[in-house]
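The file query.cif comes next; it holds mmCIF, C-alpha atoms.
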data_coords
#
loop_
_atom_site.label_atom_id
_atom_site.label_comp_id
_atom_site.auth_asym_id
_atom_site.auth_seq_id
_atom_site.Cartn_x
_atom_site.Cartn_y
_atom_site.Cartn_z
CA MET V 619 42.64 63.52 179.89
CA ALA V 620 45.98 64.36 181.36
CA ALA V 621 47.17 60.86 180.82
CA ARG V 622 45.93 60.93 177.28
CA GLY V 623 47.46 64.35 176.79
CA LYS V 624 50.69 63.18 178.33
CA GLY V 625 50.61 60.07 176.24
CA LEU V 626 49.83 62.07 173.17
CA GLY V 627 52.67 64.43 173.96
CA TRP V 628 55.07 61.55 174.50
CA ALA V 629 54.00 60.01 171.22
CA THR V 630 54.40 63.18 169.17
CA ARG V 631 57.89 64.16 170.34
CA PRO V 632 59.74 61.30 168.64
CA LEU V 633 57.62 61.82 165.56
CA LEU V 634 58.62 65.46 165.27
CA ARG V 635 62.23 64.63 166.03
CA VAL V 636 62.33 61.94 163.37
CA VAL V 637 60.84 64.20 160.71
CA GLN V 638 63.28 67.01 161.44
CA THR V 639 66.25 64.64 161.48
CA TRP V 640 65.24 63.11 158.15
CA ASP V 641 64.78 66.51 156.56
CA LEU V 642 68.16 67.69 157.90
CA ASP V 643 69.90 64.54 156.75
CA GLY V 644 68.45 64.87 153.27
CA ARG V 645 69.55 68.47 152.87
CA ARG V 646 73.04 67.71 154.12
CA TRP V 647 73.27 64.72 151.81
CA VAL V 648 72.35 66.86 148.80
CA ARG V 649 74.96 69.44 149.76
CA ALA V 650 77.48 66.66 150.17
CA LEU V 651 76.75 65.42 146.67
CA ARG V 652 77.31 68.88 145.22
CA ARG V 653 80.57 69.47 147.07
CA ASN V 654 81.94 66.00 146.22
CA PRO V 655 83.59 65.46 149.67
CA VAL V 656 85.83 62.58 150.67
CA ARG V 657 83.86 61.77 153.86
CA VAL V 658 80.29 62.63 154.95
CA VAL V 659 79.37 62.67 158.67
CA PHE V 660 75.66 62.74 159.55
CA PRO V 661 74.18 64.11 162.82
CA SER V 662 73.56 60.53 163.91
CA ARG V 663 77.37 60.01 163.85
CA GLN V 664 77.08 57.82 160.80
CA VAL V 665 80.17 58.17 158.56
CA VAL V 666 80.01 57.54 154.85
CA GLU V 667 83.27 57.22 152.91
CA ARG V 668 83.23 58.28 149.25
CA LYS V 669 85.65 56.81 146.72
CA PRO V 670 87.53 59.21 144.42
CA GLY V 671 86.51 59.27 140.79
CA PRO V 672 88.49 57.58 138.03
CA GLY V 673 91.86 59.19 137.34
CA LYS V 674 91.94 61.03 140.69
CA GLN V 675 94.45 60.36 143.41
CA PRO V 676 92.99 59.13 146.76
CA GLN V 677 93.13 61.77 149.47
CA ARG V 678 93.56 61.37 153.20
CA ALA V 679 90.59 61.79 155.52
CA ALA V 680 89.96 65.24 156.91
CA ALA V 681 90.64 64.05 160.45
CA GLU V 682 94.11 62.81 159.48
CA ALA V 683 95.15 65.73 157.29
CA SER V 684 96.89 68.71 158.85
CA PRO V 685 95.49 72.12 157.84
CA TYR V 686 99.04 73.54 157.82
CA GLU V 687 100.57 70.86 155.67
CA PRO V 688 100.82 71.92 151.99
CA ARG V 689 99.05 69.65 149.57
CA PRO V 690 101.21 67.92 146.97
CA LYS V 691 100.78 69.19 143.40
CA GLN V 692 99.07 66.80 141.05
CA PRO V 693 100.89 66.00 137.78
CA LEU V 694 99.56 67.81 134.69
CA GLN V 695 97.43 65.51 132.57
CA VAL V 696 98.38 65.96 128.88
CA SER V 697 96.55 64.33 126.00
CA PRO V 698 98.66 62.13 123.71
CA SER V 699 98.25 64.53 120.74
CA GLN V 700 99.74 67.40 122.74
CA THR V 701 102.61 65.64 124.47
CA PRO V 702 105.52 68.08 124.75
CA CYS V 703 108.08 65.32 124.15
CA THR V 704 106.84 64.98 120.59
CA TRP V 705 107.94 68.54 119.91
CA GLU V 706 111.12 68.33 121.94
CA GLU V 707 112.41 65.78 119.43
CA SER V 708 112.11 68.45 116.72
CA GLY V 709 113.20 71.31 118.94
CA LEU V 710 109.80 73.02 118.70
CA ARG V 711 107.43 74.21 121.41
CA TYR V 712 104.12 76.01 121.37
CA ASP V 713 102.24 78.18 123.83
CA LYS V 714 98.58 78.24 124.74
CA ALA V 715 97.06 81.71 124.65
CA PHE V 716 94.65 82.72 127.39
CA PRO V 717 92.16 85.61 127.44
CA GLY V 718 93.97 88.93 127.69
CA ASP V 719 97.15 87.66 126.04
CA ARG V 720 98.87 90.68 124.51
CA ARG V 721 100.20 88.63 121.62
CA LEU V 722 96.67 88.37 120.24
CA SER V 723 96.19 92.14 119.92
CA VAL V 724 98.25 92.24 116.71
CA MET V 725 95.45 90.43 114.87
CA THR V 726 93.26 93.51 115.10
CA ILE V 727 95.62 95.64 113.00
CA VAL V 728 97.55 93.17 110.85
CA LYS V 729 94.96 93.42 108.05
CA SER V 730 95.41 97.16 107.60
CA ARG V 731 97.54 98.55 104.79
CA PRO V 732 99.47 100.99 107.06
CA PHE V 733 100.56 98.06 109.22
CA ARG V 734 101.74 96.10 106.17
CA GLU V 735 103.69 99.07 104.84
CA LYS V 736 105.23 100.22 108.15
CA GLN V 737 105.86 96.84 109.76
CA GLY V 738 106.58 94.96 106.56
CA LYS V 739 104.37 92.02 107.53
CA ILE V 740 101.42 90.27 105.90
CA LEU V 741 98.70 87.89 107.07
CA LEU V 742 98.13 84.52 105.40
CA GLU V 743 95.27 82.16 106.18
CA GLY V 744 94.75 78.54 105.27
CA ARG V 745 96.99 75.48 105.15
CA ARG V 746 97.47 75.47 101.38
CA LEU V 747 98.35 79.14 101.10
CA ILE V 748 100.75 78.93 104.05
CA ALA V 749 102.38 75.80 102.59
CA ASP V 750 102.86 77.56 99.22
CA ALA V 751 104.41 80.55 100.97
CA LEU V 752 106.86 78.36 102.88
CA LYS V 753 107.88 76.50 99.72
CA ALA V 754 108.53 79.82 97.96
CA GLY V 755 110.81 80.98 100.76
CA ALA V 756 108.53 83.39 102.62
CA VAL V 757 109.72 84.00 106.19
CA PRO V 758 107.12 83.22 108.90
CA LYS V 759 107.04 85.11 112.18
CA VAL V 760 104.01 83.84 114.13
CA PHE V 761 101.47 81.06 113.66
CA PHE V 762 98.08 81.00 115.36
CA PHE V 763 96.33 77.63 115.19
CA SER V 764 93.43 75.87 116.86
CA ARG V 765 94.60 72.26 116.41
CA LEU V 766 98.10 70.88 116.66
CA GLU V 767 97.59 68.71 113.57
CA TYR V 768 97.57 71.84 111.38
CA ILE V 769 101.12 72.70 112.45
CA LYS V 770 102.32 69.12 112.01
CA GLU V 771 101.31 69.30 108.33
CA LEU V 772 103.87 72.07 107.69
CA PRO V 773 107.59 71.46 107.05
CA ILE V 774 109.34 71.22 110.42
CA ASP V 775 112.55 72.82 109.13
CA LYS V 776 110.60 75.96 108.17
CA LEU V 777 109.26 76.45 111.71
CA LYS V 778 112.53 76.89 113.58
CA GLY V 779 112.47 80.17 115.51
CA VAL V 780 108.79 80.81 114.77
CA SER V 781 106.33 81.62 117.56
CA LEU V 782 103.64 78.93 117.71
CA ILE V 783 100.53 79.97 119.63
CA LYS V 784 97.52 77.71 120.14
CA VAL V 785 94.25 79.62 120.40
CA LYS V 786 90.58 78.76 120.52
CA PHE V 787 88.77 78.19 117.26
CA GLU V 788 86.38 80.98 118.24
CA ASP V 789 89.32 83.41 118.09
CA ILE V 790 90.18 82.20 114.58
CA LYS V 791 86.56 82.76 113.55
CA ASP V 792 86.64 86.31 114.91
CA TRP V 793 89.81 87.15 112.98
CA SER V 794 88.93 85.40 109.74
CA ASP V 795 86.88 86.79 106.85
CA LEU V 796 85.96 83.29 105.68
CA VAL V 797 82.65 81.61 106.33
CA THR V 798 84.44 78.38 107.27
CA PRO V 799 87.93 79.20 108.62
CA GLN V 800 90.62 76.55 108.26
CA GLY V 801 91.95 76.93 111.79
CA ILE V 802 95.43 78.33 111.08
CA MET V 803 96.72 81.84 110.35
CA GLY V 804 100.27 83.09 109.99
CA ILE V 805 102.06 86.43 110.03
CA PHE V 806 104.91 86.57 107.51
CA ALA V 807 107.51 89.12 106.55
CA LYS V 808 106.40 90.77 103.31
CA PRO V 809 107.98 88.67 100.54
CA ASP V 810 110.67 90.14 98.29
CA HIS V 811 110.36 88.93 94.70
CA VAL V 812 114.16 88.88 94.37
CA LYS V 813 114.58 86.42 97.26
CA MET V 814 111.62 84.20 96.41
CA THR V 815 111.99 80.69 95.01
CA TYR V 816 109.25 80.03 92.48
CA PRO V 817 108.18 76.52 91.35
CA GLU V 818 110.36 74.88 88.69
CA THR V 819 107.32 74.06 86.58
CA GLN V 820 106.34 77.73 86.58
CA LEU V 821 109.84 78.88 85.64
CA SER V 822 110.04 76.39 82.77
CA HIS V 823 106.87 77.83 81.20
CA LEU V 824 107.66 81.54 81.53
CA LEU V 825 106.90 83.65 78.46
CA PRO V 826 108.25 87.04 77.30
CA LEU V 827 104.96 88.50 78.48
CA LEU V 828 104.44 91.03 81.28
CA LEU V 829 101.39 92.55 82.89
CA ILE V 830 101.05 96.13 84.13
CA CYS V 831 98.10 96.94 86.40
CA ASP V 832 97.08 100.59 86.14
CA ASN V 833 94.94 101.97 88.96
CA LEU V 834 93.13 98.72 89.72
CA ARG V 835 91.20 99.19 92.95
CA ASP V 836 88.95 96.14 93.21
CA PRO V 837 90.59 93.37 95.32
CA GLY V 838 88.62 90.58 93.66
CA ASN V 839 89.58 91.73 90.17
CA LEU V 840 93.25 92.05 91.04
CA GLY V 841 93.33 88.61 92.62
CA THR V 842 91.69 87.08 89.54
CA ILE V 843 94.13 88.91 87.25
CA LEU V 844 97.11 87.60 89.22
CA ARG V 845 95.72 84.08 88.95
CA SER V 846 95.34 84.45 85.17
CA ALA V 847 98.86 85.90 84.90
CA ALA V 848 100.29 82.86 86.69
CA GLY V 849 98.25 80.52 84.51
CA ALA V 850 99.33 82.17 81.28
CA GLY V 851 103.00 82.11 82.24
CA CYS V 852 103.68 85.82 82.71
CA SER V 853 107.24 86.53 83.71
CA LYS V 854 106.33 89.48 85.93
CA VAL V 855 103.41 91.59 87.21
CA LEU V 856 103.91 95.30 87.88
CA LEU V 857 101.48 97.34 89.97
CA THR V 858 101.47 101.12 89.80
CA LYS V 859 100.63 103.47 92.64
CA GLY V 860 96.88 103.75 93.08
CA CYS V 861 96.28 100.01 92.79
CA VAL V 862 94.89 98.04 95.68
CA ASP V 863 97.58 96.41 97.81
CA ALA V 864 98.51 93.03 96.32
CA TRP V 865 98.92 91.55 99.82
CA GLU V 866 95.46 92.47 101.05
CA PRO V 867 93.58 89.41 102.39
CA LYS V 868 90.84 89.63 99.74
CA VAL V 869 93.41 89.76 96.94
CA LEU V 870 95.27 86.80 98.43
CA ARG V 871 92.06 84.82 98.67
CA ALA V 872 91.06 85.53 95.05
CA ALA V 873 94.55 84.82 93.68
CA MET V 874 94.61 81.25 95.07
CA GLY V 875 98.38 81.14 95.63
CA ALA V 876 99.41 83.09 92.50
CA HIS V 877 101.48 85.43 94.70
CA PHE V 878 104.01 82.61 95.13
CA GLN V 879 104.06 81.56 91.47
CA VAL V 880 104.76 84.80 89.63
CA PRO V 881 106.92 87.78 90.69
CA ILE V 882 104.82 90.76 91.82
CA ILE V 883 106.30 94.24 92.18
CA ASN V 884 104.04 96.62 94.05
CA ASN V 885 103.54 100.40 94.31
CA LEU V 886 105.62 101.61 91.34
CA ASP V 887 105.88 105.11 89.91
CA TRP V 888 105.52 105.54 86.18
CA GLU V 889 108.96 107.15 86.13
CA THR V 890 110.66 104.05 87.55
CA LEU V 891 108.43 101.40 85.96
CA PRO V 892 110.45 101.19 82.68
CA ASN V 893 113.44 99.99 84.72
CA TYR V 894 111.57 96.73 85.39
CA LEU V 895 110.87 96.04 81.71
CA PRO V 896 113.21 93.85 79.63
CA THR V 897 115.11 95.45 76.79
CA ASP V 898 113.10 96.11 73.59
CA THR V 899 109.78 95.57 75.36
CA ARG V 900 106.71 97.01 73.64
CA VAL V 901 103.87 98.21 75.82
CA TYR V 902 100.30 97.55 74.63
CA VAL V 903 97.28 99.17 76.22
CA ALA V 904 94.04 97.29 76.73
CA ASP V 905 91.69 100.16 76.14
CA ASN V 906 88.35 100.10 77.96
CA CYS V 907 86.49 101.72 75.03
CA GLY V 908 85.48 98.39 73.55
CA LEU V 909 82.00 99.74 72.95
CA TYR V 910 83.22 101.49 69.82
CA ALA V 911 84.89 98.57 68.05
CA GLN V 912 82.94 99.33 64.90
CA ALA V 913 84.75 102.67 64.62
CA GLN V 914 88.06 100.81 64.32
CA THR V 915 86.78 98.41 61.68
CA SER V 916 85.46 101.29 59.56
CA SER V 917 89.05 102.38 58.69
CA LYS V 918 88.48 105.54 60.71
CA ALA V 919 90.58 104.83 63.77
CA SER V 920 90.38 108.47 64.70
CA ASP V 921 86.69 108.10 65.52
CA HIS V 922 87.48 105.42 68.07
CA GLY V 923 90.39 107.43 69.41
CA TRP V 924 88.26 110.54 69.86
CA VAL V 925 85.74 108.70 72.06
CA CYS V 926 88.52 107.38 74.28
CA GLU V 927 90.03 110.85 74.42
CA GLN V 928 86.79 112.16 75.88
CA ARG V 929 87.12 109.80 78.82
CA LEU V 930 90.75 110.78 79.34
CA SER V 931 89.76 114.43 79.19
CA LYS V 932 87.33 113.97 82.05
CA LEU V 933 89.91 112.07 84.04
CA HIS V 934 92.55 114.77 83.66
CA ASN V 935 90.16 117.77 83.85
CA TYR V 936 90.69 118.86 80.27
CA GLU V 937 87.02 118.94 79.32
CA GLU V 938 86.66 122.72 79.72
CA GLU V 939 89.30 123.55 77.16
CA ASP V 940 88.40 120.68 74.81
CA ASP V 941 84.64 121.09 74.58
CA ASP V 942 84.90 123.04 71.35
CA LEU V 943 86.97 120.39 69.55
CA GLU V 944 85.27 118.37 66.84
CA PRO V 945 85.50 114.59 66.62
CA GLY V 946 88.79 113.58 65.04
CA ALA V 947 90.51 116.83 66.01
CA SER V 948 94.07 116.30 67.25
CA LYS V 949 95.13 117.08 70.79
CA ALA V 950 98.76 117.74 71.48
CA TRP V 951 98.65 116.38 75.03
CA LEU V 952 97.24 112.95 74.04
CA PRO V 953 99.60 110.35 72.54
CA GLU V 954 98.62 109.06 69.11
CA LEU V 955 98.41 105.29 69.26
CA GLU V 956 97.32 102.97 66.51
CA VAL V 957 94.34 100.80 67.38
CA GLN V 958 94.74 97.08 66.67
CA SER V 959 92.47 94.10 67.14
CA TYR V 960 93.64 91.86 69.95
CA ASP V 961 93.78 88.73 67.76
CA LEU V 962 96.34 90.18 65.34
CA ASP V 963 100.00 89.44 65.97
CA TRP V 964 101.49 91.67 68.67
CA THR V 965 104.02 89.35 70.34
CA GLU V 966 106.90 89.53 67.84
CA ALA V 967 108.90 91.32 70.57
CA PRO V 968 108.68 91.05 74.39
CA ALA V 969 105.28 92.50 75.21
CA ALA V 970 103.78 94.18 78.26
CA VAL V 971 100.01 94.56 78.52
CA VAL V 972 98.49 97.43 80.51
CA ILE V 973 95.14 96.74 82.21
CA GLY V 974 93.28 99.77 83.55
CA GLY V 975 90.65 100.05 86.24
CA GLU V 976 86.99 99.80 85.37
CA THR V 977 86.11 103.27 86.64
CA HIS V 978 88.61 105.47 84.82
CA GLY V 979 90.27 103.08 82.37
CA VAL V 980 93.93 103.46 81.48
CA SER V 981 95.91 106.49 82.56
CA LEU V 982 97.61 109.07 80.36
CA GLU V 983 101.00 107.86 81.60
CA SER V 984 100.32 104.37 80.25
CA LEU V 985 99.53 105.78 76.80
CA GLN V 986 102.72 107.81 76.86
CA LEU V 987 104.74 104.72 77.79
CA ALA V 988 103.11 102.73 75.01
CA GLU V 989 103.91 105.48 72.49
CA SER V 990 107.55 105.66 73.58
CA THR V 991 108.01 101.89 73.14
CA GLY V 992 106.19 101.59 69.81
CA GLY V 993 103.14 99.86 71.26
CA LYS V 994 99.47 100.05 70.27
CA ARG V 995 95.98 99.96 71.67
CA LEU V 996 94.60 96.43 71.81
CA LEU V 997 90.89 96.29 71.11
CA ILE V 998 88.55 93.45 72.11
CA PRO V 999 85.41 93.83 69.95
CA VAL V 1000 82.14 93.64 71.86
CA VAL V 1001 78.52 93.94 70.84
CA PRO V 1002 77.33 97.56 70.49
CA GLY V 1003 75.59 98.71 73.63
CA VAL V 1004 78.02 96.98 75.97
CA ASP V 1005 80.23 99.51 77.68
CA SER V 1006 83.32 97.38 78.35
CA LEU V 1007 84.50 94.06 79.66
CA ASN V 1008 85.40 93.38 83.25
CA SER V 1009 89.06 94.20 83.87
CA ALA V 1010 89.86 90.68 84.98
CA MET V 1011 88.11 89.21 81.96
CA ALA V 1012 89.89 91.55 79.54
CA ALA V 1013 93.26 90.72 81.10
CA SER V 1014 92.61 86.98 80.82
CA ILE V 1015 91.63 87.25 77.16
CA LEU V 1016 94.71 89.27 76.22
CA LEU V 1017 97.19 87.19 78.23
CA PHE V 1018 96.04 83.88 76.85
CA GLU V 1019 95.85 85.33 73.34
CA GLY V 1020 99.47 86.38 73.74
CA LYS V 1021 100.28 82.87 74.96
CA ARG V 1022 98.58 81.40 71.88
CA GLN V 1023 100.49 83.68 69.52
CA LEU V 1024 103.82 82.76 71.12
CA ARG V 1025 103.01 79.05 70.91
CA VAL V 1026 102.09 79.32 67.21
CA ARG V 1027 105.29 81.26 66.51
CA ALA V 1028 107.35 78.62 68.31
CA GLU V 1029 105.70 75.84 66.28
CA HIS V 1030 106.43 77.65 63.01
CA SER V 1031 110.04 78.18 64.01
CA SER V 1032 110.54 74.52 64.87
CA ARG V 1033 108.92 73.54 61.58
CA ASP V 1034 111.22 75.82 59.60
CA ARG V 1035 114.27 74.38 61.34
CA SER V 1036 113.18 70.84 60.58
CA TYR V 1037 112.88 71.68 56.83
CA HIS V 1038 116.39 73.08 56.71
#
Conversion result in structure tokens:
Amino acid sequence: MAARGKGLGWATRPLLRVVQTWDLDGRRWVRALRRNPVRVVFPSRQVVERKPGPGKQPQRAAAEASPYEPRPKQPLQVSPSQTPCTWEESGLRYDKAFPGDRRLSVMTIVKSRPFREKQGKILLEGRRLIADALKAGAVPKVFFFSRLEYIKELPIDKLKGVSLIKVKFEDIKDWSDLVTPQGIMGIFAKPDHVKMTYPETQLSHLLPLLLICDNLRDPGNLGTILRSAAGAGCSKVLLTKGCVDAWEPKVLRAAMGAHFQVPIINNLDWETLPNYLPTDTRVYVADNCGLYAQAQTSSKASDHGWVCEQRLSKLHNYEEEDDDLEPGASKAWLPELEVQSYDLDWTEAPAAVVIGGETHGVSLESLQLAESTGGKRLLIPVVPGVDSLNSAMAASILLFEGKRQLRVRAEHSSRDRSYH
């Protein structure tokens, strides 16, 4: 029994030792795979050399390397599309922004109107809009982009002295209001219409036609109106105080580049606005009381005027003192303007069209300006029961009607000259 026990004991010791060694070797081998070492030494003194991966420099064995000797720095691997030498030829460099970069904090406030007014800077997004701004002479300050190709598409001579910062596309998505951002955003100095260079094709088609925006507060409407003004060939767009900022991102997006095709003068007082009108300009008011077109056609223009006066009374808090007045009764404080259909000739002299907001319509100051210049109310007839047209739609109708009248007048003039 002892012999058998001794034999059994002798037989089991190597077995246990082998199992433990195999288990230990396996665990160490797995750890070695995770740590990616240069050399693996097993308890059995077996040494396994591991080759470095592709693109990596071979390292010396741990036994040969001195722990006090500094390791040589590996050269920075740069992809061909981001090679600095490409930009050194043009004298341009860009920086890569990392989390916590203070230069990125400006994007949280650049969209606010106080920042635009105090700092005199605006935010533009998209390659086309930025390219139009650069062509018009807008001065860029900073560009944030996610791919270097977006910067290469811009004119190199316009980027001298501009900060170029490469950021992650996720940052662009956080800053952008678009569903599909285009990967580039730029901060520009607020453009001055006097220093801007507008396209030659636009300048060659300018008409003696101006647009005055009166208390327009909807960004989408204002952007659409600016786009129509550029398409019709307006020579200038004037915005009074109370209008939404023309350089707000939503307005810029709706205008589709119209800001760099037609001069826009923002935040004007009614006292100084006449200084921006050409000599002998007549101001016409696009009244929002189109519901009552039948009153004008019934040769009783006073009926139409009285309804519009009621809205002005509420706007200027005159309803308490005017409640006892009958329809057609005169009011000394309200200018008397003749009502005219929009399709009758009103472009014999340089004309300025006033478009009011949808909530309150035109202001009293606009009516006073129209009266002082010999202008009229322009009426777009609509079906009874419809309150009024959208401000952007009304502006488009009037501007292109004015364009049509000017074209017809030019054709008649050329015809008369050919006869003589």
Translate the PyMOL selection byres ((chain V and resi 726) around 12), as applied to the file shown, into an explicit residue set as a list in words. Arg720, Arg721, Leu722, Ser723, Val724, Met725, Ile727, Val728, Lys729, Ser730, Phe733, Leu741, Asp789, Ile790, Asp792, Trp793 and Ser794 of chain V
Selection result of the PyMOL selection byres ((chain V and resi 1009) around 8) on this file, as a PDB file with C-alpha atoms, keeping the file's coordinate frame:
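This is the output file selection_22.pdb:
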ATOM      1  CA  ASN V 839      89.580  91.730  90.170  1.00  0.00           C
ATOM      2  CA  ILE V 973      95.140  96.740  82.210  1.00  0.00           C
ATOM      3  CA  GLY V 974      93.280  99.770  83.550  1.00  0.00           C
ATOM      4  CA  GLY V 975      90.650 100.050  86.240  1.00  0.00           C
ATOM      5  CA  GLU V 976      86.990  99.800  85.370  1.00  0.00           C
ATOM      6  CA  LEU V1007      84.500  94.060  79.660  1.00  0.00           C
ATOM      7  CA  ASN V1008      85.400  93.380  83.250  1.00  0.00           C
ATOM      8  CA  ALA V1010      89.860  90.680  84.980  1.00  0.00           C
ATOM      9  CA  MET V1011      88.110  89.210  81.960  1.00  0.00           C
ATOM     10  CA  ALA V1012      89.890  91.550  79.540  1.00  0.00           C
ATOM     11  CA  ALA V1013      93.260  90.720  81.100  1.00  0.00           C
TER      12      ALA V1013
END
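Nearest to Ala807 (chain V) of all the residues V:Leu777, V:Leu742, V:Leu834, V:Leu824 is V:Leu742, counting only C-alpha atoms.
Of note, CA of Ala970 (chain V) and CA of Thr897 (chain V) are spaced 11.5 Å apart.
Closest approach to Glu735 (chain V) among V:Ala754, V:Ala864, V:Met803, V:Val785 is made by V:Ala864 (distances from all atoms listed in the file).
Put simply, CA of Ala756 (chain V) is 25.7 Å away from CA of Thr890 (chain V).
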Which residues would end up in the selection if the PyMOL selection byres ((chain V and resi 771) around 12) were applied here, given that I need the answer as a list in words? Gly744, Arg745, Arg746, Ile748, Ala749, Leu752, Phe763, Arg765, Leu766, Glu767, Tyr768, Ile769, Lys770, Leu772, Pro773, Ile774, Asp775, Lys776, Leu777 and Ile802 of chain V
Determine the nearest neighbour of Tyr816 (chain V) from the options V:Val855, V:Leu844, V:Val757, V:Val880, counting all atoms listed in the file. V:Val880
Which value, in Å to one decimal, gives the distance between CA of Ala988 (chain V) and CA of Asp836 (chain V)? 24.0 Å
Using the file's own x, y and z axes, what box holds all listed atoms of region 962-965 of chain V with 8 Å on each side, keeping edges along x, y and z, and what are its centre and edge lengths in Å to one decimal, as JSON?
{"center_x": 100.2, "center_y": 90.5, "center_z": 67.8, "size_x": 23.7, "size_y": 18.3, "size_z": 21.0}
Test item: residues at most 8 Å from Asp905 (chain V), only C-alpha atoms, excluding those fewer than 3 positions along its chain, as a list in words: Gly908, Ile973, Gly974, Gly979, Val980, Arg995, Leu996 and Leu997 of chain V
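Nearest residue to Glu866 (chain V) among V:Ser1006, V:Gln1023, V:Ser1032, V:Asn884 is V:Asn884, counting all atoms listed in the file.
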For Leu827 (chain V), list every protein, DNA or RNA residue within 10 Å, evaluated using all atoms listed in the file, and leave out those in the same chain fewer than 4 positions away; present the list as an mmCIF file with C-alpha atoms, in the frame of the given file.
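Final output, saved to result-v4.cif:
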data_model
loop_
_atom_site.group_PDB
_atom_site.id
_atom_site.type_symbol
_atom_site.label_atom_id
_atom_site.label_comp_id
_atom_site.auth_asym_id
_atom_site.auth_seq_id
_atom_site.Cartn_x
_atom_site.Cartn_y
_atom_site.Cartn_z
ATOM 1 C CA ALA V 847 98.860 85.900 84.900
ATOM 2 C CA ALA V 850 99.330 82.170 81.280
ATOM 3 C CA GLY V 851 103.000 82.110 82.240
ATOM 4 C CA CYS V 852 103.680 85.820 82.710
ATOM 5 C CA SER V 853 107.240 86.530 83.710
ATOM 6 C CA LYS V 854 106.330 89.480 85.930
ATOM 7 C CA VAL V 855 103.410 91.590 87.210
ATOM 8 C CA PRO V 896 113.210 93.850 79.630
ATOM 9 C CA THR V 899 109.780 95.570 75.360
ATOM 10 C CA ARG V 900 106.710 97.010 73.640
ATOM 11 C CA THR V 965 104.020 89.350 70.340
ATOM 12 C CA ALA V 967 108.900 91.320 70.570
ATOM 13 C CA PRO V 968 108.680 91.050 74.390
ATOM 14 C CA ALA V 969 105.280 92.500 75.210
ATOM 15 C CA ALA V 970 103.780 94.180 78.260
ATOM 16 C CA VAL V 971 100.010 94.560 78.520
ATOM 17 C CA LEU V 1017 97.190 87.190 78.230
ATOM 18 C CA GLY V 1020 99.470 86.380 73.740
ATOM 19 C CA LYS V 1021 100.280 82.870 74.960
ATOM 20 C CA LEU V 1024 103.820 82.760 71.120
#
Need a file for region 993-1002 of chain V from that block: N, CA, C and O atoms, written as a short mmCIF file (atom, residue, chain, number, x, y, z; two decimals), in the first residue's frame.
data_model
loop_
_atom_site.label_atom_id
_atom_site.label_comp_id
_atom_site.auth_asym_id
_atom_site.auth_seq_id
_atom_site.Cartn_x
_atom_site.Cartn_y
_atom_site.Cartn_z
N GLY V 993 -46.54 110.01 -52.59
CA GLY V 993 -46.81 108.60 -52.87
C GLY V 993 -48.24 108.21 -52.59
O GLY V 993 -49.10 109.06 -52.25
N LYS V 994 -48.54 106.94 -52.74
CA LYS V 994 -49.91 106.42 -52.58
C LYS V 994 -49.87 105.09 -51.84
O LYS V 994 -48.80 104.53 -51.58
N ARG V 995 -51.06 104.59 -51.56
CA ARG V 995 -51.20 103.23 -51.05
C ARG V 995 -51.37 102.29 -52.24
O ARG V 995 -52.22 102.52 -53.10
N LEU V 996 -50.59 101.25 -52.28
CA LEU V 996 -50.69 100.25 -53.34
C LEU V 996 -51.50 99.06 -52.83
O LEU V 996 -51.15 98.45 -51.82
N LEU V 997 -52.55 98.76 -53.55
CA LEU V 997 -53.50 97.74 -53.11
C LEU V 997 -53.41 96.52 -54.00
O LEU V 997 -53.48 96.63 -55.23
N ILE V 998 -53.24 95.35 -53.42
CA ILE V 998 -53.29 94.08 -54.14
C ILE V 998 -54.64 93.45 -53.84
O ILE V 998 -54.89 92.99 -52.73
N PRO V 999 -55.55 93.41 -54.81
CA PRO V 999 -56.90 92.86 -54.54
C PRO V 999 -56.84 91.37 -54.21
O PRO V 999 -56.12 90.60 -54.85
N VAL V 1000 -57.56 90.98 -53.20
CA VAL V 1000 -57.67 89.57 -52.81
C VAL V 1000 -59.14 89.23 -52.64
O VAL V 1000 -60.01 90.12 -52.56
N VAL V 1001 -59.42 87.96 -52.59
CA VAL V 1001 -60.80 87.50 -52.46
C VAL V 1001 -61.33 87.90 -51.09
O VAL V 1001 -60.62 87.79 -50.08
N PRO V 1002 -62.57 88.39 -51.01
CA PRO V 1002 -63.15 88.73 -49.70
C PRO V 1002 -63.11 87.54 -48.75
O PRO V 1002 -63.39 86.41 -49.12
#
